>>> print(open('work00.txt').read())   # compact mmCIF, C-alpha atoms and all ligand atoms
# COMPACT_ATOMS: atom_id res chain seq x y z
CA MET A 10 6.34 22.52 -7.16
CA SER A 11 4.24 19.33 -7.38
CA ILE A 12 2.71 17.65 -4.35
CA ILE A 13 5.33 14.86 -4.72
CA ASP A 14 8.22 17.37 -4.38
CA LYS A 15 6.78 18.60 -1.08
CA LEU A 16 6.71 15.16 0.60
CA LYS A 17 8.89 14.65 3.68
CA ILE A 18 9.53 11.00 2.78
CA LYS A 19 9.73 10.23 -0.96
CA PRO A 20 9.28 6.48 -1.51
CA MET A 21 9.46 6.79 -5.29
CA GLU A 22 9.62 9.27 -8.15
CA TRP A 23 9.76 9.68 -11.90
CA VAL A 24 12.99 11.47 -12.73
CA GLU A 25 13.41 13.32 -16.02
CA LYS A 26 17.00 13.21 -17.29
CA GLU A 27 18.56 14.41 -20.53
CA GLU A 28 19.31 10.84 -21.60
CA GLY A 29 15.72 9.80 -20.83
CA PRO A 30 13.47 9.33 -17.77
CA ARG A 31 14.18 6.97 -14.89
CA PHE A 32 12.03 5.44 -12.17
CA ARG A 33 13.62 5.85 -8.76
CA TRP A 34 12.58 4.22 -5.48
CA LEU A 35 13.68 3.76 -1.90
CA ASP A 36 14.62 0.13 -1.22
CA THR A 37 12.43 -0.57 1.83
CA ARG A 38 14.19 -3.87 2.53
CA LEU A 39 17.13 -1.87 3.87
CA ILE A 40 15.14 0.45 6.17
CA PRO A 41 15.91 1.31 9.01
CA TRP A 42 19.59 0.49 8.53
CA GLU A 43 20.28 2.29 5.26
CA GLU A 44 18.44 4.71 2.96
CA VAL A 45 19.33 3.47 -0.52
CA TYR A 46 17.59 4.71 -3.66
CA ARG A 47 17.62 2.50 -6.74
CA GLU A 48 16.74 3.51 -10.29
CA THR A 49 15.98 1.86 -13.61
CA THR A 50 14.74 2.33 -17.15
CA ASP A 51 13.59 -1.31 -17.38
CA TYR A 52 10.06 -2.33 -16.38
CA ARG A 53 11.32 -5.85 -15.59
CA ARG A 54 13.48 -4.39 -12.83
CA VAL A 55 10.38 -2.64 -11.46
CA ALA A 56 8.59 -6.01 -11.43
CA THR A 57 11.51 -7.55 -9.51
CA ALA A 58 11.48 -4.66 -7.03
CA ILE A 59 7.78 -5.32 -6.34
CA LYS A 60 8.16 -9.11 -6.15
CA ASP A 61 11.16 -8.90 -3.81
CA MET A 62 9.44 -6.23 -1.70
CA GLU A 63 11.90 -3.40 -2.27
CA ILE A 64 8.59 -1.62 -2.97
CA ARG A 65 5.62 -2.87 -0.96
CA GLY A 66 2.24 -1.76 0.41
CA ALA A 67 -0.78 -1.91 -1.89
CA PRO A 68 -0.91 1.71 -3.13
CA ALA A 69 2.88 1.86 -3.59
CA ILE A 70 2.78 -1.37 -5.61
CA GLY A 71 0.07 0.09 -7.87
CA ILE A 72 1.96 3.32 -8.48
CA ALA A 73 5.24 1.51 -9.18
CA ALA A 74 3.49 -0.79 -11.66
CA ALA A 75 2.03 2.24 -13.46
CA TYR A 76 5.53 3.72 -13.72
CA GLY A 77 6.69 0.30 -14.97
CA LEU A 78 4.24 0.59 -17.88
CA ALA A 79 5.47 4.15 -18.46
CA LEU A 80 9.06 2.83 -18.77
CA ALA A 81 7.91 0.02 -21.08
CA ALA A 82 6.20 2.57 -23.35
CA PHE A 83 9.02 5.12 -23.32
CA TYR A 84 11.78 2.59 -24.02
CA SER A 85 9.73 0.41 -26.43
CA ASP A 86 11.83 1.56 -29.39
CA THR A 87 9.15 1.23 -32.04
CA ASN A 88 7.26 3.50 -34.44
CA ASP A 89 4.44 1.03 -34.86
CA VAL A 90 1.50 1.54 -32.56
CA ASN A 91 0.49 -2.15 -32.65
CA GLU A 92 4.01 -3.16 -31.68
CA LEU A 93 3.90 -0.64 -28.85
CA PHE A 94 0.72 -2.33 -27.60
CA ASN A 95 2.39 -5.74 -27.73
CA VAL A 96 5.17 -4.36 -25.54
CA LEU A 97 2.64 -2.83 -23.13
CA GLU A 98 0.59 -6.04 -22.90
CA GLU A 99 3.73 -8.06 -22.17
CA ALA A 100 4.84 -5.54 -19.52
CA LYS A 101 1.39 -5.62 -17.95
CA LYS A 102 1.59 -9.42 -17.74
CA VAL A 103 5.01 -9.35 -16.08
CA LEU A 104 4.01 -6.62 -13.61
CA ALA A 105 0.66 -8.27 -12.78
CA ALA A 106 2.43 -11.54 -11.90
CA THR A 107 4.38 -9.98 -9.01
CA ARG A 108 1.98 -10.00 -6.03
CA PRO A 109 -1.57 -11.39 -6.16
CA THR A 110 -3.41 -9.77 -3.24
CA ALA A 111 -2.91 -6.00 -3.55
CA TYR A 112 -5.83 -4.83 -5.70
CA ASN A 113 -4.21 -1.46 -6.42
CA LEU A 114 -1.75 -3.31 -8.67
CA PHE A 115 -4.44 -4.54 -11.07
CA TRP A 116 -6.43 -1.32 -10.77
CA ALA A 117 -3.40 0.80 -11.78
CA LEU A 118 -2.36 -1.48 -14.66
CA ASP A 119 -5.92 -1.45 -16.08
CA ARG A 120 -6.19 2.29 -15.71
CA VAL A 121 -2.93 2.97 -17.61
CA MET A 122 -3.83 0.48 -20.36
CA ARG A 123 -7.25 2.15 -20.77
CA LYS A 124 -5.54 5.51 -21.20
CA ALA A 125 -3.12 4.00 -23.75
CA ARG A 126 -6.04 2.61 -25.77
CA GLU A 127 -7.78 5.97 -25.68
CA TYR A 128 -4.75 7.53 -27.46
CA MET A 129 -4.04 4.63 -29.84
CA SER A 130 -5.45 6.32 -32.96
CA ARG A 131 -3.15 9.34 -32.42
CA GLY A 132 0.07 7.35 -32.86
CA VAL A 133 3.08 6.16 -30.86
CA ASP A 134 4.29 9.47 -29.41
CA SER A 135 0.84 10.40 -28.12
CA VAL A 136 0.38 6.99 -26.48
CA ILE A 137 3.78 7.24 -24.77
CA ARG A 138 3.06 10.75 -23.48
CA ALA A 139 -0.40 9.69 -22.27
CA VAL A 140 0.94 6.61 -20.46
CA VAL A 141 3.70 8.57 -18.68
CA GLU A 142 1.25 11.32 -17.68
CA GLU A 143 -1.28 8.77 -16.40
CA ALA A 144 1.34 7.09 -14.20
CA LYS A 145 2.31 10.48 -12.73
CA ARG A 146 -1.37 11.31 -12.21
CA ILE A 147 -1.97 8.02 -10.35
CA HIS A 148 0.95 8.88 -8.05
CA GLU A 149 -0.22 12.45 -7.36
CA GLU A 150 -3.83 11.36 -6.86
CA ASP A 151 -2.74 8.76 -4.32
CA VAL A 152 -0.93 11.38 -2.26
CA ARG A 153 -3.92 13.76 -2.41
CA GLN A 154 -6.33 10.96 -1.52
CA ASN A 155 -4.15 9.92 1.42
CA MET A 156 -4.18 13.51 2.70
CA GLU A 157 -7.95 13.65 2.31
CA MET A 158 -8.31 10.33 4.20
CA GLY A 159 -6.08 11.86 6.87
CA ARG A 160 -8.37 14.89 7.16
CA ILE A 161 -11.53 12.75 7.23
CA GLY A 162 -10.11 10.00 9.46
CA SER A 163 -8.62 12.37 12.01
CA LYS A 164 -12.19 13.19 13.11
CA LEU A 165 -12.25 9.70 14.64
CA ILE A 166 -9.12 10.37 16.69
CA GLU A 167 -9.22 12.29 19.95
CA ASP A 168 -6.52 14.21 21.73
CA GLY A 169 -4.75 11.79 24.09
CA ASP A 170 -5.62 8.61 22.14
CA THR A 171 -3.28 5.67 21.94
CA VAL A 172 -3.66 4.07 18.53
CA LEU A 173 -2.51 0.57 17.64
CA THR A 174 -1.45 -0.04 14.05
CA HIS A 175 -0.24 -3.13 12.20
CA CYS A 176 2.31 -3.54 9.40
CA ASN A 177 3.36 -0.35 7.58
CA THR A 178 0.73 1.87 6.03
CA GLY A 179 2.73 5.08 5.83
CA ALA A 180 4.73 6.99 3.23
CA LEU A 181 6.67 3.80 2.51
CA ALA A 182 3.49 1.89 1.58
CA THR A 183 1.91 4.56 -0.60
CA GLY A 184 2.76 7.48 -2.87
CA GLY A 185 4.33 9.23 0.12
CA TYR A 186 1.85 10.07 2.90
CA GLY A 187 -0.01 7.01 4.15
CA THR A 188 -3.42 5.45 4.76
CA ALA A 189 -3.80 4.40 8.43
CA LEU A 190 -0.49 6.10 9.24
CA GLY A 191 -1.72 9.07 7.19
CA VAL A 192 -4.64 9.46 9.63
CA ILE A 193 -2.17 9.37 12.53
CA ARG A 194 0.07 11.88 10.73
CA ALA A 195 -2.88 14.22 10.02
CA SER A 196 -4.10 13.99 13.63
CA VAL A 197 -0.64 14.98 14.88
CA GLU A 198 -0.43 17.79 12.29
CA GLU A 199 -3.75 19.08 13.71
CA GLY A 200 -2.06 19.36 17.08
CA LYS A 201 -3.53 16.27 18.76
CA ASN A 202 -1.38 14.48 21.26
CA ILE A 203 -1.33 10.89 19.96
CA LYS A 204 0.64 7.85 21.03
CA VAL A 205 1.17 4.95 18.65
CA ILE A 206 1.66 1.26 19.40
CA ALA A 207 3.23 -0.48 16.41
CA THR A 208 3.17 -4.27 16.08
CA GLU A 209 6.44 -5.72 14.81
CA THR A 210 4.65 -7.63 11.98
CA ARG A 211 6.41 -10.96 11.61
CA PRO A 212 7.82 -12.37 9.43
CA LEU A 213 9.15 -9.38 7.47
CA LEU A 214 8.93 -6.84 10.31
CA GLN A 215 7.27 -3.99 8.40
CA GLY A 216 6.04 -2.58 11.72
CA ALA A 217 9.36 -2.74 13.57
CA ARG A 218 11.46 -1.61 10.61
CA LEU A 219 9.27 0.76 8.60
CA THR A 220 6.45 2.11 10.79
CA VAL A 221 8.74 2.82 13.72
CA TRP A 222 11.27 4.46 11.34
CA GLU A 223 8.58 6.77 9.95
CA LEU A 224 7.14 7.64 13.37
CA VAL A 225 10.53 8.36 14.93
CA LYS A 226 11.54 10.46 11.91
CA GLU A 227 8.46 12.63 12.46
CA GLY A 228 8.77 12.82 16.23
CA ILE A 229 5.54 10.87 16.86
CA ASP A 230 5.43 8.92 20.14
CA ALA A 231 5.98 5.26 19.17
CA THR A 232 6.06 2.05 21.20
CA LEU A 233 6.96 -1.26 19.58
CA ILE A 234 5.33 -4.54 20.63
CA THR A 235 5.64 -8.06 19.30
CA ASP A 236 2.54 -9.37 17.50
CA ASN A 237 1.62 -11.67 20.37
CA MET A 238 1.34 -8.76 22.85
CA VAL A 239 -1.84 -7.30 21.31
CA GLY A 240 -4.14 -9.23 23.67
CA TYR A 241 -2.13 -8.07 26.68
CA VAL A 242 -2.18 -4.36 25.75
CA MET A 243 -5.93 -4.49 25.06
CA TYR A 244 -6.66 -6.39 28.29
CA LYS A 245 -4.71 -3.70 30.15
CA ASN A 246 -6.71 -0.92 28.42
CA LEU A 247 -3.57 0.52 26.87
CA VAL A 248 -5.18 1.09 23.43
CA ASN A 249 -8.18 3.30 22.49
CA LYS A 250 -8.35 2.66 18.75
CA VAL A 251 -6.97 0.42 16.03
CA LEU A 252 -6.13 1.78 12.57
CA VAL A 253 -5.03 -0.55 9.77
CA GLY A 254 -4.71 -0.36 6.00
CA ALA A 255 -6.00 -2.80 3.38
CA ASP A 256 -4.72 -4.67 0.36
CA ARG A 257 -8.15 -5.47 -1.05
CA ILE A 258 -11.71 -4.80 0.08
CA THR A 259 -14.70 -6.63 -1.43
CA LEU A 260 -18.07 -5.11 -2.26
CA ASP A 261 -19.50 -6.42 1.02
CA GLY A 262 -16.63 -5.23 3.22
CA TYR A 263 -14.27 -8.21 3.64
CA VAL A 264 -10.77 -6.81 4.11
CA ALA A 265 -7.52 -8.50 3.12
CA ASN A 266 -4.59 -7.00 4.98
CA LYS A 267 -1.25 -8.08 6.45
CA ILE A 268 -1.31 -11.42 8.24
CA GLY A 269 -2.27 -10.80 11.86
CA THR A 270 -4.91 -8.17 11.10
CA TYR A 271 -7.76 -10.65 11.69
CA MET A 272 -6.32 -11.60 15.07
CA ILE A 273 -6.20 -7.91 16.06
CA ALA A 274 -9.80 -7.40 14.84
CA VAL A 275 -11.05 -10.33 16.95
CA LEU A 276 -9.25 -8.95 20.01
CA SER A 277 -10.62 -5.44 19.31
CA SER A 278 -14.15 -6.83 19.24
CA ARG A 279 -13.60 -8.76 22.50
CA HIS A 280 -12.25 -5.62 24.21
CA ARG A 281 -14.63 -3.14 22.51
CA VAL A 282 -11.79 -1.18 20.88
CA PRO A 283 -12.97 0.54 17.66
CA PHE A 284 -11.32 -1.13 14.66
CA TYR A 285 -10.93 1.19 11.64
CA VAL A 286 -9.70 0.34 8.16
CA VAL A 287 -8.23 3.17 6.07
CA ALA A 288 -7.95 2.69 2.29
CA PRO A 289 -8.41 4.66 -0.93
CA SER A 290 -11.13 3.74 -3.46
CA SER A 291 -8.41 2.08 -5.61
CA THR A 292 -8.22 -0.74 -3.02
CA PHE A 293 -11.87 -1.77 -3.47
CA ASP A 294 -12.48 -4.75 -5.74
CA LEU A 295 -16.21 -4.56 -6.45
CA SER A 296 -16.04 -7.72 -8.59
CA LEU A 297 -15.57 -9.84 -5.45
CA GLU A 298 -17.65 -10.61 -2.42
CA GLY A 299 -17.09 -12.61 0.74
CA ASP A 300 -13.67 -13.97 1.58
CA ASN A 301 -12.80 -14.92 -2.01
CA ILE A 302 -9.68 -12.78 -2.11
CA PRO A 303 -6.51 -14.44 -3.46
CA ILE A 304 -3.97 -14.66 -0.65
CA GLU A 305 -0.26 -14.58 -1.43
CA GLU A 306 1.71 -17.53 -0.05
CA ARG A 307 5.35 -16.61 0.41
CA SER A 308 8.40 -18.76 1.02
CA PRO A 309 8.37 -20.69 4.34
CA ASP A 310 12.02 -19.64 4.72
CA GLU A 311 10.73 -16.20 5.77
CA VAL A 312 9.09 -17.88 8.80
CA ARG A 313 12.04 -20.15 9.55
CA SER A 314 14.43 -17.22 9.81
CA ILE A 315 14.68 -13.57 10.76
CA LEU A 316 14.93 -11.71 7.45
CA GLY A 317 16.99 -14.58 6.02
CA LYS A 318 19.84 -13.70 8.43
CA ILE A 319 19.32 -15.95 11.44
CA THR A 320 17.69 -19.38 11.27
CA ILE A 321 15.34 -19.61 14.25
CA THR A 322 14.20 -23.22 14.03
CA VAL A 323 15.22 -26.70 13.05
CA PRO A 324 16.31 -26.54 9.40
CA GLY A 325 13.67 -27.87 7.02
CA VAL A 326 10.78 -27.93 9.52
CA LYS A 327 7.40 -27.43 7.85
CA ALA A 328 6.22 -23.81 7.91
CA VAL A 329 3.44 -21.86 6.22
CA ASN A 330 3.61 -18.22 5.20
CA PRO A 331 0.34 -16.60 4.10
CA ALA A 332 1.23 -12.90 3.64
CA PHE A 333 -2.33 -11.67 4.32
CA ASP A 334 -5.52 -12.66 6.12
CA ILE A 335 -9.14 -11.64 5.74
CA THR A 336 -11.16 -9.74 8.31
CA PRO A 337 -14.95 -10.08 7.98
CA PRO A 338 -17.09 -6.92 7.93
CA SER A 339 -18.75 -7.82 11.25
CA LEU A 340 -15.47 -6.97 13.03
CA ILE A 341 -14.93 -3.60 11.30
CA THR A 342 -16.24 -0.42 12.97
CA SER A 343 -15.88 1.66 9.80
CA ILE A 344 -13.78 2.13 6.68
CA VAL A 345 -12.20 5.52 5.95
CA THR A 346 -11.85 6.41 2.27
CA GLU A 347 -11.08 9.67 0.46
CA ARG A 348 -14.80 9.83 -0.41
CA GLY A 349 -15.98 9.59 3.20
CA ILE A 350 -16.36 7.18 6.09
CA ILE A 351 -18.21 3.95 5.31
CA THR A 352 -20.20 2.36 8.14
CA PRO A 353 -22.21 -0.89 8.19
CA PRO A 354 -24.18 -2.24 6.44
CA TYR A 355 -21.21 -2.38 4.06
CA ARG A 356 -22.91 -4.00 1.08
CA GLU A 357 -25.17 -0.94 0.67
CA ASN A 358 -22.84 1.73 1.94
CA ILE A 359 -19.63 0.84 0.07
CA LYS A 360 -21.38 1.33 -3.28
CA ARG A 361 -23.12 4.49 -2.14
CA VAL A 362 -20.02 6.22 -0.69
CA LEU A 363 -17.69 5.17 -3.52
CA SER A 364 -20.06 6.53 -6.15
CA GLN A 365 -19.87 9.99 -4.56
CA ASN A 366 -17.41 12.41 -6.10
O1 LIG B 1 3.32 -7.38 2.28
P1 LIG B 1 3.22 -5.89 2.30
O2 LIG B 1 4.28 -5.22 3.11
O3 LIG B 1 3.08 -5.31 0.92
O4 LIG B 1 1.84 -5.63 3.06
C1 LIG B 1 1.37 -4.32 3.25
C2 LIG B 1 0.12 -4.26 4.02
O5 LIG B 1 -0.46 -5.25 4.39
C3 LIG B 1 -0.49 -2.91 4.25
O6 LIG B 1 -1.21 -2.89 5.44
C4 LIG B 1 -1.45 -2.60 3.08
O7 LIG B 1 -0.81 -2.71 1.85
C5 LIG B 1 -2.07 -1.27 3.19
S1 LIG B 1 -0.83 -0.04 3.11
C6 LIG B 1 -1.33 1.39 2.67
>>> encode(input="work00.txt", output="C-alpha cells", more="lines below")
Ligand code: MRU
Amino acid sequence: MSIIDKLKIKPMEWVEKEEGPRFRWLDTRLIPWEEVYRETTDYRRVATAIKDMEIRGAPAIGIAAAYGLALAAFYSDTNDVNELFNVLEEAKKVLAATRPTAYNLFWALDRVMRKAREYMSRGVDSVIRAVVEEAKRIHEEDVRQNMEMGRIGSKLIEDGDTVLTHCNTGALATGGYGTALGVIRASVEEGKNIKVIATETRPLLQGARLTVWELVKEGIDATLITDNMVGYVMYKNLVNKVLVGADRITLDGYVANKIGTYMIAVLSSRHRVPFYVVAPSSTFDLSLEGDNIPIEERSPDEVRSILGKITITVPGVKAVNPAFDITPPSLITSIVTERGIITPPYRENIKRVLSQN
C-alpha cells in the first residue's frame, strides 16, 4: 500500500485502468457542498482544472501539473522521441500559463522535464515510463515532506494552544496531508489539545469552505471568523500562534501567500503573536529576492460577488483582486520546512537549511 492509498482525504490520484491511466481529482470548488471527483486523460483539462481552481494550493498545483505532463507523454501517440518532446514542451507551456504565483508549479514542471531529458536517448517508451514515475514520486514526496513538516512544526505547538490559520493549507492544498494544517494535524495526532481559528478568506472562501471542512471531518475544534475579525481576536488574546502556508518564498525570506496574510502578519507583530510559515523546499524560489514575486490578478467579479452566485455591490463598480500578498521577513518568526526550522537571518539560514539532506 503506498502512502497515497493511506490518506484520509485524497485530493488527487493517478489511476491505472486497462484502457490506460487517468488523472483523478476532487473538485474543490464544490466543497463543502458536494464531494465530486473528476477524471481525464487530457493534460489540457488538467490545465483548466488548475486555472479554474478545481485544484488549488501551491503544492497541489505542482503535483497536478506533473501528472498533466505524465498524461501528455502517455497519450502523445508517437514513436518519435523528438515529437514526444515537442508534445511535452507544448504541454509544459499550457500548464505553466495557468497560475503565476505558486512556485511549486514551475518547480514540478522543470523537474519532470529534466527527468524526461535524462531518458531521451533510451527512446519513447522509457521517457514515458520515466515521466509517469517522476510525477508519482513528486506526489509521494510531497505527502512525506508534509508529514515531516508536521513532526518538526508540532514542536512549536503547545497543548492548549489556539492557532489561527488563513486560507486552506491542508490535504486539499497539497498531495493529501497539508503544510500549516499538516502541523495542526500532527499536533492533534500527538495528543495535544488544539483549537483552530480559521479565517474565511475572501473572495473565494478557502478558509470557510475547505479548512473548516477538513477540520470538522477530523474532529478538530474549529471556529470560523471573517477576515476583518483578526485584529479583534488578537486584541482579546484569543490566539497564541499563527500558522500559514506559502505560494513562493524568496532567498531572503519574502513570502507570497493568500491575500490577507500580510495583514495578519502585521497584527501578529503588533500583538506579539508568533507568526510561522510552513512550506516544503519546493516552494522556495532561490532565483528571486525581495518582494519581486509575480502576483496573480484575478477577475474583479470574484470581489463583486459571493462565489459568482450573489452580486454584493453596484454592478460594474471598480474592484481589484490580487490573489496573493507578500509578507516581509521582518514579520516572520520562523519558517518550517521538511529540512528543519529556518529562523532569521533568513538570507543566510534559508540556504544553509535547504542544503541539508
Ligand atoms: O489561491 P489558492 O487557493 O491556490 O491559494 C492557496 C494559498 O494561498 C495557500 O496558503 C498556499 O498555496 C499554501 S498551501 C499549502
>>> closest_residue(input="work00.txt", among="A:Arg348, A:Arg38, A:Lys101, A:Arg126", to="ligand LIG 1 (chain B)", atoms="all atoms listed in the file")
A:Arg38
>>> closest_atom_pairs(input="work00.txt", of="segment 274-295 of chain A", to="segment 160-169 of chain A", cutoff="10 Å", atoms="all atoms listed in the file", output="JSON lines")
{"residue": "A:Pro283", "atom": "CA", "partner": "A:Leu165", "partner_atom": "CA", "distance": 9.7}
{"residue": "A:Tyr285", "atom": "CA", "partner": "A:Gly162", "partner_atom": "CA", "distance": 9.1}
{"residue": "A:Val286", "atom": "CA", "partner": "A:Gly162", "partner_atom": "CA", "distance": 9.8}
{"residue": "A:Val287", "atom": "CA", "partner": "A:Gly162", "partner_atom": "CA", "distance": 7.9}
>>> residues_near_point(input="work00.txt", point="(-1.6, 17.4, 19.7)", cutoff="12 Å", atoms="all atoms listed in the file", output="count of residues only")
21
>>> residues_around(input="work00.txt", residues="segment 78-86 of chain A", least_positions_apart="6", cutoff="6 Å", atoms="all atoms listed in the file", output="list in words")
Thr50, Tyr52, Ile137, Val140 and Val141 of chain A
>>> atom_distance(input="work00.txt", atom1="atom CA of Ala73 of chain A", atom2="atom CA of Phe32 of chain A")
8.4 Å
>>> residues_near_ligand(input="work00.txt", ligand="ligand LIG 1 (chain B)", cutoff="8 Å", atoms="all atoms listed in the file", output="ChimeraX atom specification")
/A:62,64-70,111,175-179,182-183,187-189,213,215,253-256,265-268,287-288,332-333
>>> closest_residue(input="work00.txt", among="A:Leu214, A:Ile206, A:Ile335, A:Leu190", to="Glu227 of chain A", atoms="all atoms listed in the file")
A:Leu190
>>> residues_around(input="work00.txt", residues="Ser339 of chain A", least_positions_apart="6", cutoff="9 Å", atoms="all atoms listed in the file", output="PyMOL selection string")
chain A and resi 262-263+353
>>> closest_residue(input="work00.txt", among="A:Leu35, A:Leu260, A:Val103, A:Leu340", to="Arg53 of chain A", atoms="all atoms listed in the file")
A:Val103
>>> atom_distance(input="work00.txt", atom1="atom CA of Asn237 of chain A", atom2="atom CA of Gly269 of chain A")
9.4 Å
>>> atom_distance(input="work00.txt", atom1="atom CA of Val362 of chain A", atom2="atom CA of Thr346 of chain A")
8.7 Å
>>> residues_near_point(input="work00.txt", point="(12.4, -1.1, -2.8)", cutoff="6 Å", atoms="all atoms listed in the file", output="MDAnalysis selection string")
chainID A and resid 34:37 58 63:64
>>> closest_residue(input="work00.txt", among="A:Val90, A:Ile304, A:Arg281, A:Ala56", to="Lys102 of chain A", atoms="only C-alpha atoms")
A:Ala56
>>> closest_residue(input="work00.txt", among="A:Pro212, A:Gly317, A:Pro109, A:Pro354", to="Gly71 of chain A", atoms="all atoms listed in the file")
A:Pro109
>>> closest_residue(input="work00.txt", among="A:Gly159, A:Gly240, A:Gly299, A:Pro20", to="Leu276 of chain A", atoms="all atoms listed in the file")
A:Gly240
>>> residues_around(input="work00.txt", residues="Val242 of chain A", least_positions_apart="6", cutoff="12 Å", atoms="all atoms listed in the file", output="list in words")
Thr171, Val172, Leu173, Ile206, Ala207, Thr208, Thr232, Leu233, Ile234, Thr235, Asp236, Val248, Asn249, Lys250, Val251, Ile273, Leu276, Ser277, His280 and Val282 of chain A
